[in-house]
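J.: Just so it is clear, I am handing over upload-v9.cif, which has mmCIF, C-alpha atoms.
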```cif
data_upload
loop_
_atom_site.label_atom_id
_atom_site.label_comp_id
_atom_site.auth_asym_id
_atom_site.auth_seq_id
_atom_site.Cartn_x
_atom_site.Cartn_y
_atom_site.Cartn_z
CA MET A 246 49.65 28.89 44.96
CA ARG A 247 48.79 25.30 43.95
CA LYS A 248 50.80 25.82 40.74
CA ASN A 249 53.92 26.80 42.72
CA LYS A 250 53.47 23.78 45.03
CA ASN A 251 53.20 21.43 42.08
CA SER A 252 56.31 22.98 40.56
CA ARG A 253 58.27 22.42 43.78
CA ILE A 254 57.12 18.77 43.88
CA LEU A 255 58.25 18.28 40.29
CA ILE A 256 61.62 19.88 41.02
CA ILE A 257 62.15 17.74 44.14
CA THR A 258 61.12 14.61 42.25
CA ALA A 259 63.48 15.46 39.41
CA VAL A 260 66.36 16.06 41.85
CA LEU A 261 65.67 12.74 43.61
CA LEU A 262 65.52 10.84 40.33
CA LEU A 263 68.71 12.52 39.15
CA SER A 264 70.41 11.63 42.44
CA ILE A 265 69.30 7.99 42.18
CA ALA A 266 70.46 7.86 38.57
CA SER A 267 73.83 9.33 39.55
CA VAL A 268 74.29 6.75 42.31
CA LEU A 269 73.29 3.90 40.00
CA PHE A 270 75.72 5.16 37.36
CA ALA A 271 78.54 5.51 39.89
CA TYR A 272 77.95 1.94 41.04
CA ARG A 273 76.90 0.53 37.67
CA SER A 274 79.30 -2.44 38.00
CA ALA A 275 77.77 -3.40 41.34
CA VAL A 276 74.24 -2.90 39.99
CA HIS A 277 75.04 -5.18 37.05
CA MET A 278 76.43 -7.86 39.37
CA VAL A 279 73.44 -7.70 41.71
CA ILE A 280 70.94 -7.95 38.86
CA LYS A 281 72.79 -10.90 37.32
CA ASN A 282 72.83 -12.67 40.68
CA MET A 283 69.11 -12.06 41.18
CA THR A 284 68.17 -13.34 37.72
CA ALA A 285 70.67 -16.21 37.49
CA MET A 286 69.71 -19.60 36.09
CA HIS A 287 68.76 -22.36 38.53
CA ILE A 288 69.34 -26.07 37.99
CA ASP A 289 66.57 -28.31 39.30
CA MET A 290 68.38 -31.13 41.06
CA ASP A 291 66.77 -34.48 41.77
CA GLU A 292 66.58 -34.87 45.55
CA SER A 293 66.85 -38.64 45.35
CA THR A 294 70.15 -40.10 46.53
CA GLU A 295 69.64 -43.36 44.64
CA TRP A 296 72.17 -44.15 41.91
CA SER A 297 72.04 -47.19 39.69
CA GLY A 298 75.14 -46.48 37.63
CA GLY A 299 77.66 -48.02 40.00
CA LYS A 300 78.67 -48.46 43.63
CA SER A 301 78.33 -45.83 46.34
CA TYR A 302 80.37 -45.69 49.54
CA ILE A 303 78.88 -43.10 51.89
CA LYS A 304 80.80 -41.60 54.82
CA ALA A 305 83.84 -43.83 54.37
CA PRO A 306 86.41 -42.64 56.93
CA TYR A 307 89.85 -41.74 55.62
CA ALA A 308 91.40 -40.76 58.97
CA LEU A 309 90.64 -41.29 62.65
CA ASP A 310 91.34 -37.91 64.27
CA SER A 311 87.75 -36.71 63.89
CA GLN A 312 84.31 -37.93 62.85
CA SER A 313 84.44 -35.18 60.22
CA GLN A 314 87.18 -37.01 58.31
CA TYR A 315 85.17 -39.03 55.83
CA LEU A 316 84.40 -39.06 52.13
CA ASP A 317 81.61 -40.18 49.84
CA LEU A 318 82.80 -42.25 46.89
CA TYR A 319 80.97 -43.11 43.69
CA VAL A 320 82.51 -45.67 41.33
CA PRO A 321 80.71 -46.22 38.01
CA ASN A 322 80.23 -49.71 36.61
CA THR A 323 82.71 -50.71 33.91
CA ALA A 324 82.79 -53.73 31.64
CA THR A 325 85.53 -56.27 32.32
CA ASN A 326 87.43 -55.27 29.19
CA GLU A 327 87.39 -51.57 30.01
CA GLU A 328 89.98 -49.63 31.97
CA ALA A 329 89.22 -48.64 35.53
CA PRO A 330 87.70 -45.14 35.74
CA HIS A 331 89.86 -42.12 36.46
CA LEU A 332 89.41 -40.50 39.86
CA PHE A 333 87.98 -37.02 40.37
CA VAL A 334 88.35 -35.70 43.94
CA LEU A 335 85.94 -32.95 45.04
CA VAL A 336 86.44 -30.40 47.84
CA HIS A 337 83.39 -28.39 48.89
CA GLY A 338 83.38 -24.72 49.74
CA GLY A 339 81.55 -22.80 52.45
CA GLY A 340 83.96 -20.18 53.79
CA PHE A 341 85.79 -22.81 55.88
CA ILE A 342 82.87 -22.69 58.34
CA THR A 343 79.94 -24.45 56.68
CA ASN A 344 78.83 -27.15 54.20
CA ASP A 345 79.92 -30.77 53.89
CA SER A 346 80.65 -33.44 51.32
CA GLN A 347 77.07 -33.26 50.06
CA SER A 348 76.95 -29.53 49.43
CA ARG A 349 74.85 -28.45 46.46
CA GLN A 350 77.92 -27.62 44.36
CA ALA A 351 79.63 -30.94 45.15
CA GLN A 352 76.45 -32.79 44.16
CA LEU A 353 76.16 -30.93 40.87
CA MET A 354 79.76 -31.90 40.11
CA TYR A 355 79.74 -35.56 41.07
CA ARG A 356 76.32 -36.27 39.54
CA TYR A 357 77.57 -35.07 36.18
CA PHE A 358 80.99 -36.71 36.26
CA ARG A 359 80.01 -40.07 37.75
CA ASP A 360 77.41 -40.35 34.99
CA ASN A 361 80.15 -39.63 32.49
CA GLY A 362 82.51 -42.37 33.58
CA TYR A 363 84.54 -40.81 36.40
CA ALA A 364 84.91 -42.19 39.90
CA CYS A 365 84.09 -39.26 42.19
CA ALA A 366 85.18 -38.84 45.80
CA THR A 367 83.71 -35.86 47.64
CA ILE A 368 85.70 -35.04 50.78
CA ASN A 369 84.39 -33.94 54.15
CA TYR A 370 86.97 -32.10 56.26
CA ARG A 371 87.24 -30.42 59.65
CA LEU A 372 85.69 -26.96 59.50
CA ALA A 373 87.30 -23.93 61.10
CA GLN A 374 85.23 -24.13 64.28
CA GLU A 375 86.61 -27.63 64.91
CA GLU A 376 90.20 -27.18 63.75
CA PRO A 377 92.11 -24.03 62.72
CA PHE A 378 94.46 -23.73 59.76
CA PRO A 379 95.98 -25.93 58.40
CA GLY A 380 93.64 -28.72 59.61
CA ALA A 381 91.36 -28.80 56.56
CA LEU A 382 94.35 -28.77 54.20
CA CYS A 383 95.98 -31.67 56.04
CA ASP A 384 92.66 -33.53 55.80
CA VAL A 385 92.44 -33.07 52.04
CA LYS A 386 95.98 -34.33 51.50
CA ALA A 387 95.30 -37.31 53.77
CA ALA A 388 92.13 -38.12 51.82
CA VAL A 389 94.02 -38.06 48.51
CA ARG A 390 96.62 -40.48 49.89
CA PHE A 391 93.89 -42.71 51.31
CA LEU A 392 92.23 -42.85 47.91
CA LYS A 393 95.51 -43.81 46.27
CA ALA A 394 96.22 -46.52 48.83
CA HIS A 395 92.75 -48.10 48.45
CA ALA A 396 92.32 -47.80 44.67
CA ASP A 397 92.39 -51.55 44.02
CA GLU A 398 89.86 -52.17 46.78
CA TYR A 399 87.34 -49.71 45.32
CA GLY A 400 88.11 -50.19 41.63
CA TYR A 401 89.32 -46.91 40.10
CA ASP A 402 92.57 -45.70 38.54
CA ALA A 403 94.70 -43.95 41.16
CA GLU A 404 97.44 -43.24 38.64
CA HIS A 405 95.31 -40.49 37.14
CA ILE A 406 93.72 -38.06 39.61
CA ALA A 407 92.12 -34.65 39.25
CA ILE A 408 91.09 -32.51 42.21
CA TRP A 409 88.40 -29.81 42.16
CA GLY A 410 87.49 -27.23 44.76
CA GLU A 411 85.11 -24.29 44.88
CA SER A 412 85.47 -21.09 46.90
CA ALA A 413 87.16 -22.09 50.19
CA GLY A 414 87.47 -25.56 48.71
CA GLY A 415 89.28 -23.92 45.80
CA TYR A 416 91.95 -22.76 48.22
CA LEU A 417 92.22 -26.27 49.66
CA ALA A 418 92.39 -27.97 46.25
CA VAL A 419 95.01 -25.54 44.97
CA ALA A 420 97.05 -25.71 48.18
CA ALA A 421 96.97 -29.51 48.12
CA SER A 422 98.19 -29.38 44.51
CA VAL A 423 101.05 -26.88 44.87
CA THR A 424 102.50 -27.97 48.22
CA ASN A 425 105.03 -30.79 48.27
CA ASP A 426 105.03 -34.02 50.25
CA ASN A 427 106.95 -32.52 53.16
CA GLU A 428 104.22 -29.96 53.80
CA PHE A 429 100.83 -30.33 55.53
CA MET A 430 101.08 -34.12 55.80
CA ASP A 431 100.37 -34.31 59.54
CA VAL A 432 97.18 -36.36 59.30
CA GLU A 433 97.70 -40.12 59.05
CA TYR A 434 95.28 -41.77 56.65
CA ILE A 435 93.66 -45.12 57.41
CA GLY A 436 95.90 -47.93 56.20
CA GLN A 437 99.03 -45.75 56.05
CA LYS A 438 101.22 -47.97 58.23
CA GLU A 439 100.12 -51.12 56.39
CA TYR A 440 100.77 -49.54 53.00
CA GLU A 441 104.23 -48.31 53.95
CA GLU A 442 105.18 -51.65 55.49
CA ARG A 443 103.98 -53.53 52.43
CA THR A 444 105.56 -51.27 49.79
CA GLY A 445 108.44 -49.72 51.68
CA GLU A 446 107.49 -46.25 50.45
CA LYS A 447 105.33 -43.28 51.42
CA LEU A 448 102.46 -42.21 49.21
CA SER A 449 102.50 -38.79 47.56
CA ALA A 450 99.47 -36.50 47.66
CA LYS A 451 100.32 -35.17 44.20
CA VAL A 452 97.55 -35.00 41.58
CA ASP A 453 97.57 -34.62 37.79
CA ILE A 454 95.02 -31.83 37.38
CA CYS A 455 93.82 -29.05 39.69
CA VAL A 456 90.42 -27.52 38.93
CA ASP A 457 89.89 -24.22 40.75
CA TYR A 458 86.33 -22.87 40.74
CA TYR A 459 86.30 -19.25 41.98
CA GLY A 460 88.79 -20.22 44.66
CA ALA A 461 89.47 -17.98 47.65
CA VAL A 462 93.18 -18.44 46.99
CA GLU A 463 94.23 -15.29 48.86
CA LEU A 464 93.52 -15.27 52.59
CA THR A 465 93.85 -11.50 52.83
CA ASP A 466 91.71 -8.37 52.91
CA LYS A 467 89.68 -7.92 49.71
CA SER A 468 88.91 -4.20 50.03
CA ASP A 469 91.29 -3.04 47.29
CA ASP A 470 89.90 -5.61 44.84
CA TRP A 471 86.31 -4.57 45.48
CA LYS A 472 87.30 -0.93 45.02
CA THR A 473 88.96 -1.78 41.70
CA LEU A 474 85.86 -3.71 40.60
CA GLY A 475 83.55 -0.86 41.60
CA VAL A 476 81.65 -2.79 44.26
CA PRO A 477 80.95 -0.77 47.45
CA LYS A 478 81.51 -2.33 50.83
CA PHE A 479 77.84 -2.31 51.83
CA VAL A 480 76.95 -4.42 48.78
CA VAL A 481 79.70 -6.93 49.63
CA ASN A 482 78.51 -7.09 53.25
CA ILE A 483 74.89 -7.72 52.24
CA ALA A 484 75.87 -10.37 49.69
CA ASN A 485 78.00 -12.18 52.26
CA SER A 486 75.89 -11.82 55.37
CA TRP A 487 75.81 -15.63 55.61
CA LEU A 488 79.53 -15.54 56.48
CA HIS A 489 79.05 -13.29 59.50
CA THR A 490 77.87 -15.67 62.18
CA ASP A 491 78.44 -16.28 65.89
CA VAL A 492 80.65 -19.22 64.87
CA MET A 493 83.44 -16.77 64.05
CA GLU A 494 83.92 -15.84 67.71
CA GLY A 495 84.44 -12.13 67.07
CA TYR A 496 86.91 -12.35 64.21
CA SER A 497 86.35 -9.87 61.38
CA ASP A 498 86.25 -12.46 58.57
CA VAL A 499 86.37 -16.21 58.00
CA GLU A 500 89.99 -16.13 56.84
CA SER A 501 91.04 -14.62 60.17
CA PHE A 502 88.86 -17.03 62.13
CA TRP A 503 90.32 -20.07 60.35
CA GLN A 504 93.83 -18.86 61.12
CA ARG A 505 92.84 -17.70 64.64
CA LYS A 506 94.44 -14.33 64.05
CA GLU A 507 93.32 -11.22 62.22
CA THR A 508 94.98 -11.21 58.80
CA SER A 509 95.78 -7.51 59.24
CA GLN A 510 97.83 -8.30 62.35
CA MET A 511 99.88 -11.20 60.96
CA SER A 512 103.62 -10.97 60.56
CA GLU A 513 105.10 -11.52 57.10
CA GLU A 514 106.23 -14.98 58.20
CA GLU A 515 102.72 -15.88 59.39
CA LYS A 516 101.19 -14.63 56.15
CA ALA A 517 103.68 -16.62 54.08
CA TYR A 518 102.74 -19.86 55.87
CA SER A 519 99.20 -19.78 54.48
CA ASP A 520 99.95 -17.90 51.26
CA ILE A 521 99.37 -20.00 48.12
CA TYR A 522 102.05 -18.02 46.30
CA THR A 523 104.71 -19.09 48.80
CA TYR A 524 104.31 -22.69 47.65
CA VAL A 525 103.73 -21.80 44.00
CA ALA A 526 107.10 -20.01 43.96
CA GLU A 527 108.87 -22.88 45.74
CA ASN A 528 107.37 -25.89 43.96
CA VAL A 529 105.72 -25.02 40.64
CA SER A 530 107.77 -25.12 37.44
CA LYS A 531 107.50 -26.27 33.81
CA ASP A 532 108.25 -29.87 34.83
CA PHE A 533 105.85 -29.70 37.79
CA GLY A 534 103.45 -32.11 36.11
CA VAL A 535 100.16 -30.59 37.30
CA LYS A 536 97.80 -28.86 34.87
CA PHE A 537 95.31 -26.23 35.96
CA TRP A 538 91.75 -25.31 35.00
CA ILE A 539 90.63 -22.04 36.59
CA ALA A 540 87.05 -20.77 36.28
CA HIS A 541 85.44 -17.70 37.83
CA GLY A 542 82.16 -15.85 37.33
CA ASP A 543 82.45 -12.18 36.38
CA CYS A 544 79.57 -11.29 38.74
CA ASP A 545 81.04 -12.87 41.87
CA ILE A 546 80.47 -10.68 44.96
CA THR A 547 82.11 -13.08 47.43
CA VAL A 548 85.53 -13.82 45.97
CA PRO A 549 86.83 -11.09 43.62
CA ILE A 550 87.58 -12.40 40.15
CA LEU A 551 90.89 -10.55 40.37
CA GLN A 552 92.14 -13.34 42.67
CA SER A 553 91.72 -15.90 39.89
CA GLU A 554 93.26 -13.54 37.33
CA ARG A 555 96.37 -13.09 39.46
CA PHE A 556 96.63 -16.81 40.14
CA TYR A 557 96.25 -17.64 36.45
CA ASN A 558 98.89 -15.13 35.36
CA THR A 559 101.34 -16.34 38.01
CA VAL A 560 100.92 -20.03 37.21
CA LYS A 561 100.99 -19.43 33.46
CA GLU A 562 104.45 -17.91 33.73
CA LEU A 563 105.71 -20.97 35.62
CA VAL A 564 104.09 -23.94 33.85
CA GLY A 565 103.51 -22.48 30.40
CA GLU A 566 100.29 -21.37 28.76
CA GLY A 567 99.51 -24.86 27.47
CA ASN A 568 99.29 -26.24 30.99
CA VAL A 569 96.78 -23.80 32.45
CA PHE A 570 93.33 -22.79 31.20
CA TYR A 571 91.36 -19.79 32.46
CA ARG A 572 87.62 -19.52 31.91
CA VAL A 573 85.59 -16.40 32.75
CA VAL A 574 81.92 -17.37 33.05
CA GLU A 575 79.88 -14.35 32.04
CA GLY A 576 76.90 -13.52 34.23
CA SER A 577 77.78 -15.99 36.97
CA GLY A 578 77.85 -15.00 40.61
CA HIS A 579 79.56 -16.89 43.41
CA ALA A 580 78.70 -20.60 43.18
CA GLY A 581 76.25 -19.76 40.41
CA ASP A 582 74.42 -22.69 38.85
CA ILE A 583 75.50 -21.57 35.38
CA MET A 584 78.99 -22.81 36.26
CA TYR A 585 77.49 -26.30 36.73
CA SER A 586 75.47 -26.33 33.52
CA ASP A 587 76.04 -29.14 31.04
CA GLU A 588 77.69 -26.67 28.69
CA GLU A 589 80.30 -25.63 31.26
CA LEU A 590 80.93 -29.10 32.66
CA SER A 591 81.22 -30.66 29.22
CA GLY A 592 84.08 -28.25 28.48
CA LEU A 593 85.78 -29.25 31.70
CA LYS A 594 85.24 -32.93 30.90
CA ILE A 595 87.00 -32.52 27.55
CA PHE A 596 89.95 -30.95 29.39
CA LEU A 597 90.07 -33.83 31.88
CA ASP A 598 89.69 -36.48 29.16
CA GLU A 599 92.58 -35.01 27.20
CA ASN A 600 94.94 -34.57 30.12
CA MET A 601 94.44 -37.63 32.36
#
```
As a first step, turn the structure in this file into structure tokens.
T.:
Amino acid sequence: MRKNKNSRILIITAVLLLSIASVLFAYRSAVHMVIKNMTAMHIDMDESTEWSGGKSYIKAPYALDSQSQYLDLYVPNTATNEEAPHLFVLVHGGGFITNDSQSRQAQLMYRYFRDNGYACATINYRLAQEEPFPGALCDVKAAVRFLKAHADEYGYDAEHIAIWGESAGGYLAVAASVTNDNEFMDVEYIGQKEYEERTGEKLSAKVDICVDYYGAVELTDKSDDWKTLGVPKFVVNIANSWLHTDVMEGYSDVESFWQRKETSQMSEEEKAYSDIYTYVAENVSKDFGVKFWIAHGDCDITVPILQSERFYNTVKELVGEGNVFYRVVEGSGHAGDIMYSDEELSGLKIFLDENM
């Protein structure tokens, strides 16, 4: 009798193990991503805010519509016979609902680049709970124009500007780069009237280089992409539980909340208004003048890497392969520290040095 009972236990155990193995095999892509995220490298960042390499301007306002419209600027010291440093503008991520100019990712970027000779301006903008689309985009374009108008005052080269954004900030950086100067320019920057009266012209928000780190460039449903990548919905929901907060006021996702309408219920005209590809098709060409660096981790469970692949392939056809670079960072999840390692950032620095 005991022998039969033990046999049944062994059979049940074998069936359970086989079932678990089958599930793990079926979702092997998701398992790989989860493991890579759990074992990812971590950069120890000095918590001190002191910087002896130049001048810091903290919470400098660039517009007067909101207390959220400020930026932090770091200008490295240069010898009198050296050229003024190029300007690198940073746009933080956070799903349009969280983070600020001193987010971890923004700090990892500006600490590296300010120490390597770049003036860095990290932008704070109105989050979705304060202002719906396109408020944050208008803020970013106002901040870029403010930085151009006040370049002599702060001591950097406004003739050569790169802009970087990560995640939601990737959308904002890309949108600011591919829209023209008749679009999303509703926010008046501080000193705008004085500049226009003095020069007789309006400043452009155009930049020279757009750096897109795992940007959420498509404000649409991601279900098909996750299905293609073999990542089940429950894994995506767990990985992104931080995005499902009371702040969203009942909307199904942050993209819908920012636009104050469910993306699934938008008309084609409404979708086109916020669609990056609308402005890419209208404005981007071989003589566009903006170069792109696109980087995405292959273990991202927040923004599907397929978004960056589509964006890269679209832009490449328009500006030529020599004007756009696409980097897949193996083993990196969303906002993974590996993307901010010296190895990765040194590659980006070479790109900026050669193209600014």
J.: Residues at most 7 Å from Tyr370 (chain A), counting all atoms listed in the file, excluding those fewer than 3 positions away in the same chain, as a ChimeraX atom specification?
T.: /A:313-314,381,384-385
J.: Within 12 Å of Glu411 (chain A), counting only C-alpha atoms, which residues qualify if same-chain residues fewer than 3 places away don't, as a PyMOL selection string?
T.: chain A and resi 334-341+344+348-351+353-354+367+408+414-419+455-462+538-542+547-548+553+579-581+584-585
J.: Suppose you want the space between CA of Asp345 (chain A) and CA of Asn369 (chain A); what is it in Å?
T.: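 CA of Asn369 (chain A) lies 5.5 Å from CA of Asp345 (chain A).
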J.: Extract, using all atoms listed in the file, all DNA, RNA and protein residues at most 9 Å from Met286 (chain A), discarding same-chain residues fewer than 4 positions from it, and format them as a ChimeraX atom specification.
T.: /A:282,577,581-583
J.: Evaluate the PyMOL selection byres ((chain A and resi 498) around 12) on the structure here and hand back the selected residues as a PyMOL selection string.
T.: chain A and resi 340-342+373+464-467+482+485-497+499-509+547
J.: Could you check which of A:Asp470, A:Lys438, A:Asn558, A:Lys281 is closest to Val574 (chain A), using only C-alpha atoms?
T.: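 Among the listed residues, the smallest separation from Val574 (chain A) belongs to A:Lys281.
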J.: Name the residues captured by the PyMOL selection byres ((chain A and resi 316-333) around 8) when it is applied to the shown file; answer as an MDAnalysis selection string.
T.: chainID A and resid 298:307 314:315 334:335 346 359:360 362:369 388 399:409 601
J.: To one decimal place, how far is CA of Val525 (chain A) from CA of Val423 (chain A) in Å?
T.: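 CA of Val423 (chain A) lies at a distance of 5.8 Å from CA of Val525 (chain A).
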J.: Which residue out of A:Glu441, A:Glu554, A:Lys472, A:Asn425 has the minimum interatomic distance to Thr523 (chain A) when only C-alpha atoms are used?
T.: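 Closest residue, counting only C-alpha atoms: A:Asn425.
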J.: Choose the residue, out of A:His287, A:Lys478, A:Lys594, A:Arg572, that has the smallest atom-to-atom separation from Ala275 (chain A); count all atoms listed in the file.
T.: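 When distances to Ala275 (chain A) are compared using all atoms listed in the file, the smallest one comes from A:Lys478.
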